[in-house]
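What follows is the content of start-v8.cif, which has mmCIF, C-alpha atoms:
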data_query
loop_
_atom_site.group_PDB
_atom_site.id
_atom_site.type_symbol
_atom_site.label_atom_id
_atom_site.label_comp_id
_atom_site.auth_asym_id
_atom_site.auth_seq_id
_atom_site.Cartn_x
_atom_site.Cartn_y
_atom_site.Cartn_z
ATOM 1 C CA MET N 1 -200.315 -32.115 189.729
ATOM 2 C CA ARG N 2 -199.084 -34.353 187.099
ATOM 3 C CA ILE N 3 -195.431 -34.483 186.530
ATOM 4 C CA LYS N 4 -194.344 -35.587 183.156
ATOM 5 C CA LYS N 5 -191.939 -38.342 183.264
ATOM 6 C CA GLN N 6 -189.049 -37.248 181.190
ATOM 7 C CA LYS N 7 -186.647 -39.541 179.509
ATOM 8 C CA SER N 8 -183.130 -38.728 180.653
ATOM 9 C CA GLU N 9 -181.137 -38.090 177.476
ATOM 10 C CA ILE N 10 -177.492 -37.162 177.202
ATOM 11 C CA LEU N 11 -177.142 -34.169 174.951
ATOM 12 C CA GLU N 12 -174.013 -34.394 172.903
ATOM 13 C CA GLY N 13 -172.609 -31.273 171.335
ATOM 14 C CA ASP N 14 -171.005 -31.590 167.937
ATOM 15 C CA LEU N 15 -167.306 -31.423 168.645
ATOM 16 C CA THR N 16 -166.102 -31.623 165.060
ATOM 17 C CA PRO N 17 -165.892 -27.853 164.275
ATOM 18 C CA MET N 18 -164.087 -27.152 167.529
ATOM 19 C CA ILE N 19 -161.519 -29.866 166.887
ATOM 20 C CA ASP N 20 -161.079 -28.601 163.324
ATOM 21 C CA MET N 21 -160.348 -25.100 164.534
ATOM 22 C CA THR N 22 -158.033 -26.271 167.285
ATOM 23 C CA PHE N 23 -155.987 -28.334 164.850
ATOM 24 C CA GLN N 24 -155.790 -25.391 162.501
ATOM 25 C CA LEU N 25 -154.511 -23.208 165.341
ATOM 26 C CA ILE N 26 -151.922 -25.814 166.284
ATOM 27 C CA ALA N 27 -150.780 -26.066 162.679
ATOM 28 C CA PHE N 28 -150.507 -22.251 162.519
ATOM 29 C CA PHE N 29 -148.332 -22.003 165.617
ATOM 30 C CA MET N 30 -146.205 -24.973 164.587
ATOM 31 C CA VAL N 31 -145.428 -23.399 161.239
ATOM 32 C CA LEU N 32 -144.590 -20.040 162.758
ATOM 33 C CA ILE N 33 -142.481 -21.293 165.625
ATOM 34 C CA ASN N 34 -139.002 -19.886 165.459
ATOM 35 C CA PHE N 35 -136.399 -22.560 164.988
ATOM 36 C CA THR N 36 -133.459 -20.154 164.794
ATOM 37 C CA GLN N 37 -133.373 -19.608 168.550
ATOM 38 C CA SER N 38 -129.766 -20.746 168.652
ATOM 39 C CA GLU N 39 -128.781 -17.612 166.761
ATOM 40 C CA THR N 40 -130.287 -15.311 169.331
ATOM 41 C CA ASN N 41 -129.239 -14.405 172.809
ATOM 42 C CA ASP N 42 -131.416 -12.777 175.418
ATOM 43 C CA MET N 43 -128.752 -10.401 176.691
ATOM 44 C CA VAL N 44 -128.369 -8.792 173.271
ATOM 45 C CA GLN N 45 -130.798 -6.196 172.015
ATOM 46 C CA LEU N 46 -129.791 -5.441 168.457
ATOM 47 C CA PRO N 47 -129.690 -1.927 167.044
ATOM 48 C CA ASP N 48 -132.282 -1.370 164.367
ATOM 49 C CA SER N 49 -131.621 -0.261 160.849
ATOM 50 C CA ALA N 50 -133.876 0.538 157.909
ATOM 51 C CA LEU N 51 -131.544 -1.331 155.542
ATOM 52 C CA ALA N 52 -131.088 -4.482 157.590
ATOM 53 C CA LYS N 53 -132.935 -6.823 155.266
ATOM 54 C CA PRO N 54 -132.450 -10.560 155.611
ATOM 55 C CA PRO N 55 -129.909 -11.689 153.016
ATOM 56 C CA ASP N 56 -131.149 -13.460 149.874
ATOM 57 C CA SER N 57 -128.786 -16.340 150.436
ATOM 58 C CA GLN N 58 -127.897 -17.688 153.837
ATOM 59 C CA LEU N 59 -124.266 -17.332 154.840
ATOM 60 C CA GLU N 60 -122.723 -20.768 154.854
ATOM 61 C CA ASN N 61 -119.705 -20.644 157.097
ATOM 62 C CA LEU N 62 -120.333 -18.418 160.012
ATOM 63 C CA VAL N 63 -119.364 -17.997 163.608
ATOM 64 C CA ILE N 64 -121.762 -15.978 165.705
ATOM 65 C CA ILE N 65 -120.431 -13.826 168.532
ATOM 66 C CA HIS N 66 -122.885 -12.108 170.853
ATOM 67 C CA LEU N 67 -121.594 -9.031 172.637
ATOM 68 C CA GLY N 68 -123.489 -7.767 175.656
ATOM 69 C CA GLN N 69 -123.629 -4.242 176.956
ATOM 70 C CA ASP N 70 -121.118 -5.022 179.714
ATOM 71 C CA GLY N 71 -118.587 -6.631 177.378
ATOM 72 C CA THR N 72 -119.660 -10.240 177.930
ATOM 73 C CA ALA N 73 -119.196 -12.202 174.751
ATOM 74 C CA VAL N 74 -120.923 -15.475 173.943
ATOM 75 C CA MET N 75 -119.494 -17.751 171.289
ATOM 76 C CA ASN N 76 -120.520 -21.383 170.849
ATOM 77 C CA GLN N 77 -122.203 -21.396 174.282
ATOM 78 C CA THR N 78 -119.002 -20.129 175.892
ATOM 79 C CA GLU N 79 -119.493 -16.999 177.926
ATOM 80 C CA VAL N 80 -116.396 -14.921 178.503
ATOM 81 C CA ASN N 81 -115.316 -11.295 178.479
ATOM 82 C CA TYR N 82 -114.665 -10.263 174.882
ATOM 83 C CA LEU N 83 -111.006 -9.491 175.617
ATOM 84 C CA GLY N 84 -110.479 -13.148 176.522
ATOM 85 C CA LEU N 85 -111.956 -14.532 173.298
ATOM 86 C CA ARG N 86 -108.658 -14.987 171.499
ATOM 87 C CA HIS N 87 -108.075 -18.526 172.761
ATOM 88 C CA TYR N 88 -111.562 -19.644 171.687
ATOM 89 C CA LEU N 89 -111.120 -17.982 168.292
ATOM 90 C CA ASP N 90 -107.828 -19.800 167.786
ATOM 91 C CA VAL N 91 -109.542 -23.087 168.632
ATOM 92 C CA GLU N 92 -112.344 -22.269 166.187
ATOM 93 C CA TYR N 93 -109.836 -21.317 163.474
ATOM 94 C CA TYR N 94 -108.011 -24.614 163.955
ATOM 95 C CA ARG N 95 -111.281 -26.559 163.962
ATOM 96 C CA ILE N 96 -112.424 -25.005 160.661
ATOM 97 C CA ASP N 97 -108.978 -25.395 159.116
ATOM 98 C CA VAL N 98 -108.427 -29.030 160.056
ATOM 99 C CA GLN N 99 -111.801 -30.622 160.604
ATOM 100 C CA THR N 100 -113.771 -29.070 157.756
ATOM 101 C CA THR N 101 -113.159 -28.535 154.070
ATOM 102 C CA ASP N 102 -113.849 -24.811 154.425
ATOM 103 C CA SER N 103 -111.200 -22.193 154.707
ATOM 104 C CA PRO N 104 -111.183 -20.023 157.824
ATOM 105 C CA LYS N 105 -110.541 -17.036 155.548
ATOM 106 C CA ASP N 106 -113.978 -17.528 154.012
ATOM 107 C CA THR N 107 -115.668 -17.811 157.362
ATOM 108 C CA THR N 108 -117.786 -14.845 158.346
ATOM 109 C CA ILE N 109 -117.801 -13.660 161.913
ATOM 110 C CA VAL N 110 -121.304 -12.433 162.651
ATOM 111 C CA ILE N 111 -121.229 -9.851 165.403
ATOM 112 C CA ARG N 112 -124.474 -9.445 167.296
ATOM 113 C CA ALA N 113 -123.693 -6.566 169.621
ATOM 114 C CA HIS N 114 -126.074 -4.894 172.037
ATOM 115 C CA LYS N 115 -127.175 -1.502 170.807
ATOM 116 C CA ALA N 116 -125.901 0.260 173.903
ATOM 117 C CA ALA N 117 -122.538 -1.517 173.861
ATOM 118 C CA LYS N 118 -119.582 0.785 173.382
ATOM 119 C CA GLY N 119 -118.534 1.081 169.758
ATOM 120 C CA GLY N 120 -114.910 0.755 170.817
ATOM 121 C CA MET N 121 -115.614 -2.691 172.234
ATOM 122 C CA VAL N 122 -116.931 -3.831 168.844
ATOM 123 C CA GLN N 123 -113.833 -2.401 167.202
ATOM 124 C CA GLU N 124 -111.575 -4.229 169.648
ATOM 125 C CA LEU N 125 -113.544 -7.440 169.145
ATOM 126 C CA ILE N 126 -113.030 -7.175 165.385
ATOM 127 C CA GLN N 127 -109.340 -6.586 165.961
ATOM 128 C CA ILE N 128 -109.086 -9.697 168.145
ATOM 129 C CA CYS N 129 -110.801 -11.719 165.404
ATOM 130 C CA GLN N 130 -108.406 -10.263 162.818
ATOM 131 C CA GLU N 131 -105.432 -11.281 164.925
ATOM 132 C CA ALA N 132 -106.860 -14.804 165.047
ATOM 133 C CA GLY N 133 -106.924 -14.817 161.240
ATOM 134 C CA PHE N 134 -110.521 -14.065 160.340
ATOM 135 C CA GLU N 135 -111.222 -11.502 157.627
ATOM 136 C CA ASN N 136 -114.920 -11.312 156.938
ATOM 137 C CA PHE N 137 -117.296 -9.723 159.342
ATOM 138 C CA ALA N 138 -120.997 -9.042 159.384
ATOM 139 C CA LEU N 139 -122.594 -6.594 161.762
ATOM 140 C CA ARG N 140 -126.074 -7.756 162.528
ATOM 141 C CA ALA N 141 -128.953 -5.336 162.956
ATOM 142 C CA GLU N 142 -132.677 -5.673 163.325
ATOM 143 C CA GLU N 143 -134.936 -4.671 160.506
ATOM 144 C CA ASN N 144 -136.668 -1.426 161.290
ATOM 145 C CA ILE N 145 -140.324 -1.562 160.349
ATOM 146 C CA ASN N 146 -140.733 2.215 160.473
ATOM 147 C CA SER N 147 -139.284 3.999 157.488
ATOM 148 C CA ALA N 148 -137.707 6.705 159.614
ATOM 149 C CA PRO N 149 -135.157 5.285 162.046
ATOM 150 C CA LYS N 150 -135.398 6.925 165.417
ATOM 151 C CA TYR N 151 -131.672 7.572 165.704
ATOM 152 C CA ILE N 152 -131.440 9.414 162.444
ATOM 153 C CA THR N 153 -132.820 12.528 164.123
ATOM 154 C CA PRO N 154 -130.392 15.189 165.249
ATOM 155 C CA LEU N 155 -129.044 15.142 168.752
ATOM 156 C CA GLY N 156 -126.710 18.071 168.736
ATOM 157 C CA GLY N 157 -124.250 19.776 166.524
ATOM 158 C CA MET R 1 -165.710 -70.584 160.771
ATOM 159 C CA LYS R 2 -167.258 -68.297 163.269
ATOM 160 C CA ILE R 3 -168.912 -65.200 161.969
ATOM 161 C CA ARG R 4 -169.420 -62.441 164.476
ATOM 162 C CA ASN R 5 -172.429 -60.214 164.766
ATOM 163 C CA THR R 6 -174.678 -62.609 163.102
ATOM 164 C CA ASP R 7 -177.554 -61.483 165.252
ATOM 165 C CA GLY R 8 -177.940 -58.340 163.125
ATOM 166 C CA LYS R 9 -177.567 -55.918 166.042
ATOM 167 C CA GLY R 10 -175.589 -52.903 164.749
ATOM 168 C CA GLU R 11 -173.425 -51.603 167.596
ATOM 169 C CA LYS R 12 -172.371 -47.985 167.532
ATOM 170 C CA ILE R 13 -168.843 -47.505 168.711
ATOM 171 C CA GLU R 14 -168.385 -44.155 170.414
ATOM 172 C CA LEU R 15 -164.916 -42.619 170.422
ATOM 173 C CA GLN R 16 -163.701 -41.102 173.647
ATOM 174 C CA MET R 17 -163.083 -37.489 172.680
ATOM 175 C CA THR R 18 -162.066 -36.154 176.083
ATOM 176 C CA PRO R 19 -158.405 -37.359 176.172
ATOM 177 C CA MET R 20 -157.824 -36.182 172.623
ATOM 178 C CA ILE R 21 -159.223 -32.741 173.330
ATOM 179 C CA ASP R 22 -157.119 -32.573 176.505
ATOM 180 C CA ILE R 23 -153.929 -33.279 174.572
ATOM 181 C CA VAL R 24 -154.860 -30.979 171.710
ATOM 182 C CA PHE R 25 -155.448 -28.110 174.108
ATOM 183 C CA GLN R 26 -152.168 -28.811 175.863
ATOM 184 C CA LEU R 27 -150.377 -28.669 172.522
ATOM 185 C CA LEU R 28 -152.176 -25.449 171.645
ATOM 186 C CA VAL R 29 -151.198 -23.835 174.942
ATOM 187 C CA PHE R 30 -147.582 -24.956 174.457
ATOM 188 C CA PHE R 31 -147.331 -23.407 171.013
ATOM 189 C CA ILE R 32 -149.055 -20.190 172.097
ATOM 190 C CA MET R 33 -146.699 -19.847 175.063
ATOM 191 C CA THR R 34 -143.559 -20.460 173.034
ATOM 192 C CA PHE R 35 -144.680 -18.230 170.178
ATOM 193 C CA LYS R 36 -142.510 -15.177 169.889
ATOM 194 C CA ILE R 37 -142.598 -12.630 167.145
ATOM 195 C CA VAL R 38 -139.022 -12.039 166.113
ATOM 196 C CA ALA R 39 -138.045 -9.104 163.948
ATOM 197 C CA MET R 40 -136.115 -9.969 160.828
ATOM 198 C CA GLU R 41 -132.395 -9.481 161.050
ATOM 199 C CA GLY R 42 -129.922 -8.385 158.418
ATOM 200 C CA ASP R 43 -126.193 -7.972 158.129
ATOM 201 C CA PHE R 44 -123.785 -5.258 157.080
ATOM 202 C CA ASN R 45 -120.799 -6.972 155.572
ATOM 203 C CA ILE R 46 -117.379 -5.677 156.367
ATOM 204 C CA ARG R 47 -114.208 -7.130 154.922
ATOM 205 C CA MET R 48 -111.196 -6.345 157.036
ATOM 206 C CA PRO R 49 -108.035 -8.402 156.554
ATOM 207 C CA ALA R 50 -105.573 -7.945 159.399
ATOM 208 C CA ALA R 51 -102.800 -6.341 157.366
ATOM 209 C CA SER R 52 -104.036 -5.477 153.923
ATOM 210 C CA PRO R 53 -101.378 -4.141 151.587
ATOM 211 C CA GLN R 54 -102.957 -1.174 149.880
ATOM 212 C CA ALA R 55 -103.020 -1.180 146.114
ATOM 213 C CA ALA R 56 -101.581 2.307 146.021
ATOM 214 C CA PRO R 57 -100.882 5.030 148.550
ATOM 215 C CA PRO R 58 -104.067 6.988 149.203
ATOM 216 C CA ASP R 59 -102.728 10.158 147.549
ATOM 217 C CA GLN R 60 -102.015 8.297 144.286
ATOM 218 C CA MET R 61 -105.450 6.706 144.074
ATOM 219 C CA GLU R 62 -108.033 8.337 141.898
ATOM 220 C CA PHE R 63 -110.569 8.337 144.683
ATOM 221 C CA PRO R 64 -108.999 7.790 148.092
ATOM 222 C CA PRO R 65 -111.278 6.228 150.699
ATOM 223 C CA MET R 66 -113.593 8.670 152.385
ATOM 224 C CA LYS R 67 -113.057 9.150 156.061
ATOM 225 C CA LEU R 68 -115.943 9.309 158.456
ATOM 226 C CA TYR R 69 -115.493 10.065 162.124
ATOM 227 C CA LEU R 70 -118.236 9.991 164.727
ATOM 228 C CA SER R 71 -117.574 11.713 167.998
ATOM 229 C CA GLY R 72 -119.613 10.909 171.059
ATOM 230 C CA ASN R 73 -120.686 12.484 174.316
ATOM 231 C CA GLU R 74 -119.815 10.944 177.666
ATOM 232 C CA ASP R 75 -123.180 9.197 177.856
ATOM 233 C CA GLY R 76 -122.545 7.461 174.547
ATOM 234 C CA THR R 77 -124.803 9.604 172.395
ATOM 235 C CA LEU R 78 -123.689 11.110 169.130
ATOM 236 C CA ALA R 79 -122.016 14.519 169.403
ATOM 237 C CA GLY R 80 -120.805 15.180 165.890
ATOM 238 C CA ILE R 81 -120.123 13.728 162.465
ATOM 239 C CA ARG R 82 -117.112 14.538 160.323
ATOM 240 C CA LEU R 83 -116.850 13.385 156.730
ATOM 241 C CA ASN R 84 -113.506 14.225 155.075
ATOM 242 C CA GLU R 85 -112.984 17.153 157.457
ATOM 243 C CA GLU R 86 -116.472 18.428 156.715
ATOM 244 C CA SER R 87 -118.733 18.724 159.723
ATOM 245 C CA LEU R 88 -122.269 17.418 159.367
ATOM 246 C CA PRO R 89 -124.993 18.014 161.947
ATOM 247 C CA THR R 90 -127.050 14.830 161.600
ATOM 248 C CA VAL R 91 -126.972 11.323 160.182
ATOM 249 C CA GLN R 92 -129.633 12.461 157.723
ATOM 250 C CA HIS R 93 -127.242 15.109 156.380
ATOM 251 C CA LEU R 94 -124.529 12.463 156.121
ATOM 252 C CA ASN R 95 -126.848 10.350 153.981
ATOM 253 C CA SER R 96 -127.651 13.306 151.700
ATOM 254 C CA ARG R 97 -123.959 14.233 151.387
ATOM 255 C CA ILE R 98 -123.000 10.668 150.445
ATOM 256 C CA GLN R 99 -125.746 10.655 147.834
ATOM 257 C CA GLU R 100 -124.241 13.827 146.362
ATOM 258 C CA LEU R 101 -120.738 12.363 146.331
ATOM 259 C CA ILE R 102 -121.517 8.937 144.892
ATOM 260 C CA GLY R 103 -122.339 8.396 141.281
ATOM 261 C CA THR R 104 -121.677 11.933 140.160
ATOM 262 C CA ASP R 105 -119.193 12.758 137.402
ATOM 263 C CA GLY R 106 -116.482 13.980 139.736
ATOM 264 C CA GLY R 107 -116.897 11.313 142.382
ATOM 265 C CA PRO R 108 -116.365 7.597 142.735
ATOM 266 C CA SER R 109 -118.960 5.115 141.527
ATOM 267 C CA ARG R 110 -120.932 2.823 143.783
ATOM 268 C CA ASP R 111 -118.537 -0.056 143.090
ATOM 269 C CA THR R 112 -115.297 1.782 143.738
ATOM 270 C CA ALA R 113 -116.298 4.017 146.623
ATOM 271 C CA GLU R 114 -114.731 3.121 149.939
ATOM 272 C CA ILE R 115 -115.267 4.542 153.361
ATOM 273 C CA GLU R 116 -113.306 4.201 156.545
ATOM 274 C CA VAL R 117 -115.390 4.623 159.655
ATOM 275 C CA GLY R 118 -113.904 5.742 162.938
ATOM 276 C CA PHE R 119 -115.589 6.658 166.188
ATOM 277 C CA ASP R 120 -115.025 7.460 169.831
ATOM 278 C CA TYR R 121 -114.610 4.467 172.107
ATOM 279 C CA ASP R 122 -117.640 5.277 174.269
ATOM 280 C CA LEU R 123 -120.043 5.962 171.420
ATOM 281 C CA HIS R 124 -122.917 3.523 171.576
ATOM 282 C CA TYR R 125 -122.958 0.867 168.889
ATOM 283 C CA GLU R 126 -126.446 1.847 167.665
ATOM 284 C CA TRP R 127 -125.041 5.164 166.423
ATOM 285 C CA VAL R 128 -122.320 3.337 164.546
ATOM 286 C CA ILE R 129 -124.949 1.163 162.871
ATOM 287 C CA GLY R 130 -126.990 4.319 162.198
ATOM 288 C CA ALA R 131 -124.048 5.899 160.389
ATOM 289 C CA ILE R 132 -123.256 2.681 158.509
ATOM 290 C CA THR R 133 -126.902 2.582 157.429
ATOM 291 C CA ALA R 134 -126.650 6.164 156.204
ATOM 292 C CA VAL R 135 -123.525 5.539 154.116
ATOM 293 C CA SER R 136 -124.512 2.141 152.773
ATOM 294 C CA GLY R 137 -127.816 3.080 151.245
ATOM 295 C CA THR R 138 -131.064 4.921 151.267
ATOM 296 C CA LYS R 139 -134.701 4.191 150.590
ATOM 297 C CA ASP R 140 -136.398 5.912 147.699
ATOM 298 C CA THR R 141 -140.007 7.101 147.752
ATOM 299 C CA ASN R 142 -141.266 3.658 146.746
ATOM 300 C CA GLY R 143 -139.428 2.017 149.621
ATOM 301 C CA ASN R 144 -136.808 0.408 147.376
ATOM 302 C CA VAL R 145 -133.290 0.326 148.697
ATOM 303 C CA VAL R 146 -130.736 2.329 146.722
ATOM 304 C CA ARG R 147 -127.230 1.116 147.524
ATOM 305 C CA LEU R 148 -124.516 3.712 148.073
ATOM 306 C CA ILE R 149 -121.149 2.635 149.469
ATOM 307 C CA GLU R 150 -120.562 -1.096 149.796
ATOM 308 C CA LYS R 151 -116.929 -1.144 150.837
ATOM 309 C CA ILE R 152 -117.051 -0.158 154.463
ATOM 310 C CA ARG R 153 -114.322 -0.771 156.981
ATOM 311 C CA PHE R 154 -113.456 0.408 160.439
ATOM 312 C CA ASN R 155 -110.293 2.343 160.959
ATOM 313 C CA THR R 156 -107.539 0.731 162.949
ATOM 314 C CA PRO R 157 -106.504 2.121 166.307
ATOM 315 C CA GLU R 158 -103.168 3.106 164.708
ATOM 316 C CA SER R 159 -104.830 5.300 162.109
ATOM 317 C CA GLN R 160 -107.009 6.692 164.889
ATOM 318 C CA ASP R 161 -103.918 8.026 166.654
ATOM 319 C CA GLU R 162 -102.779 9.991 163.658
#
Represent the supplied structure as structure tokens.
Amino acid sequence: MRIKKQKSEILEGDLTPMIDMTFQLIAFFMVLINFTQSETNDMVQLPDSALAKPPDSQLENLVIIHLGQDGTAVMNQTEVNYLGLRHYLDVEYYRIDVQTTDSPKDTTIVIRAHKAAKGGMVQELIQICQEAGFENFALRAEENINSAPKYITPLGG
Amino acid sequence: MKIRNTDGKGEKIELQMTPMIDIVFQLLVFFIMTFKIVAMEGDFNIRMPAASPQAAPPDQMEFPPMKLYLSGNEDGTLAGIRLNEESLPTVQHLNSRIQELIGTDGGPSRDTAEIEVGFDYDLHYEWVIGAITAVSGTKDTNGNVVRLIEKIRFNTPESQDE
């Protein structure tokens, strides 16, 4: 039997379309990557609200306080029970007053509280901030995609 | 002067694709792993100075601030809603009632209306936000937001004791 002598050839696939697609995918994920991670905290699950639309203009002077379900508050990477925040708020007030040109009165305290946190804790937290001299507050909620919020349904008379 | 490649042999330079593809795939995996869909967030603004001198005693004002109180069960769920001594069964009813009160001839306008929100200590925060949503606006049939009350504040523990 005759065996054909074959020339050994290296078959090269065309890699260009694959590289094109891969670069497009990388560009897609790079654009969508969330850079505002510093504003979020894993222990906080925000309540959702149909009216919580992102503001048209970004708040300029803000202090973000995360409040967990168990009363743990996180402010500027400091984790402490919310009742012990007063000292840190005083420091923040002094820092804004002395080191920046902004007025602490114009600073907004953004409260990111867990949805199952007790409402009274949020009220007390606001009171502590008031005692430290802050006046403006913003309660942060997550935008509800569904038009009918789940907690708008009756639960009892 | 030396001139290279004078022998006329055209050499084909082949690029090494393997390391580039390796790195590109590593980058792709990194971005896929760190990708997280985050829901948009919004704020409800509340202005609460520590000791605000009132412009006039509530009984002398044309439209005194409305009072909303949310009572809760032991497990933190909503038990009842009271708006100016009127009992409302659901947050939906609260929203409808506010719509009736605001912007009518006998009631305050959207700019002047004020509401003071109080609630039981143990009531979960999501119910508070639910009620604030109901008083601050509504969505019409086209999905546009219709603003209702913009001046919202929490009551102070002192006024809670009254």
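Here CA of Cys129 (chain N) stands at a distance of 8.1 Å from CA of Ile109 (chain N).
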Computed interatomic separation between CA of His93 (chain R) and CA of Ala134 (chain R) (Å):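 It comes out at 9.0 Å.
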At most 7 Å to chain R: residues in chain N, all atoms listed in the file, as a PyMOL selection string: chain N and resi 26+29-30+33+47+49+51-55+115-120+130-131+135-143+151-157
Test item: the PyMOL selection byres ((chain R and resi 83) around 7) resolved as number ranges by chain: R: 67-69, 81-82, 84-87
Proximity to Leu59 (chain N) - best of N:Ile126, N:Val110, N:Ala132, N:Met121, all atoms listed in the file: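 Among the listed residues, N:Val110 lies closest to Leu59 (chain N).
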Between CA of Leu85 (chain N) and CA of Val122 (chain N), distance in Å (one decimal):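 So the answer is 12.6 Å.
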Non-local contacts of Ile115 (chain R) (6 Å; all atoms listed in the file; under 6 positions in same chain excluded) as a VMD selection string: chain R and resid 65 to 67 152
Would you write out those residues with C-alpha atoms, as a compact mmCIF listing (two decimals), in the frame of the given file?
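And here is the file that came out, part-v1.txt:
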# COMPACT_ATOMS: atom_id res chain seq x y z
CA PRO R 65 -111.28 6.23 150.70
CA MET R 66 -113.59 8.67 152.38
CA LYS R 67 -113.06 9.15 156.06
CA ILE R 152 -117.05 -0.16 154.46
Which residues come within 12 Å of region 73-75 of chain N, counting only C-alpha atoms, excluding same-chain residues fewer than 3 positions away, as a compact mmCIF listing (two decimals) with C-alpha atoms, keeping the file's coordinate frame?
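Written output follows (part-v5.txt):
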# COMPACT_ATOMS: atom_id res chain seq x y z
CA SER N 38 -129.77 -20.75 168.65
CA GLU N 39 -128.78 -17.61 166.76
CA THR N 40 -130.29 -15.31 169.33
CA ASN N 41 -129.24 -14.40 172.81
CA ASP N 42 -131.42 -12.78 175.42
CA MET N 43 -128.75 -10.40 176.69
CA VAL N 44 -128.37 -8.79 173.27
CA LEU N 62 -120.33 -18.42 160.01
CA VAL N 63 -119.36 -18.00 163.61
CA ILE N 64 -121.76 -15.98 165.70
CA ILE N 65 -120.43 -13.83 168.53
CA HIS N 66 -122.88 -12.11 170.85
CA LEU N 67 -121.59 -9.03 172.64
CA GLY N 68 -123.49 -7.77 175.66
CA GLN N 69 -123.63 -4.24 176.96
CA ASP N 70 -121.12 -5.02 179.71
CA THR N 78 -119.00 -20.13 175.89
CA GLU N 79 -119.49 -17.00 177.93
CA VAL N 80 -116.40 -14.92 178.50
CA ASN N 81 -115.32 -11.30 178.48
CA TYR N 82 -114.66 -10.26 174.88
CA LEU N 83 -111.01 -9.49 175.62
CA GLY N 84 -110.48 -13.15 176.52
CA LEU N 85 -111.96 -14.53 173.30
CA ARG N 86 -108.66 -14.99 171.50
CA HIS N 87 -108.08 -18.53 172.76
CA TYR N 88 -111.56 -19.64 171.69
CA LEU N 89 -111.12 -17.98 168.29
CA VAL N 91 -109.54 -23.09 168.63
CA GLU N 92 -112.34 -22.27 166.19
CA ILE N 109 -117.80 -13.66 161.91
CA VAL N 110 -121.30 -12.43 162.65
CA ILE N 111 -121.23 -9.85 165.40
CA ARG N 112 -124.47 -9.44 167.30
CA ALA N 113 -123.69 -6.57 169.62
CA HIS N 114 -126.07 -4.89 172.04
CA ALA N 117 -122.54 -1.52 173.86
CA MET N 121 -115.61 -2.69 172.23
CA VAL N 122 -116.93 -3.83 168.84
CA LEU N 125 -113.54 -7.44 169.14
Expected selection from the PyMOL selection byres ((chain N and resi 96) around 12), given as a PyMOL selection string: chain N and resi 61-63+89-95+97-108+133-134
Quick one: axis-aligned box around all listed atoms of region 104-123 of chain N, 4 Å on every side, centre and edge lengths in Å to one decimal, written as AutoDock Vina command-line options.
--center_x -118.9 --center_y -9.5 --center_z 164.0 --size_x 24.6 --size_y 29.1 --size_z 27.9
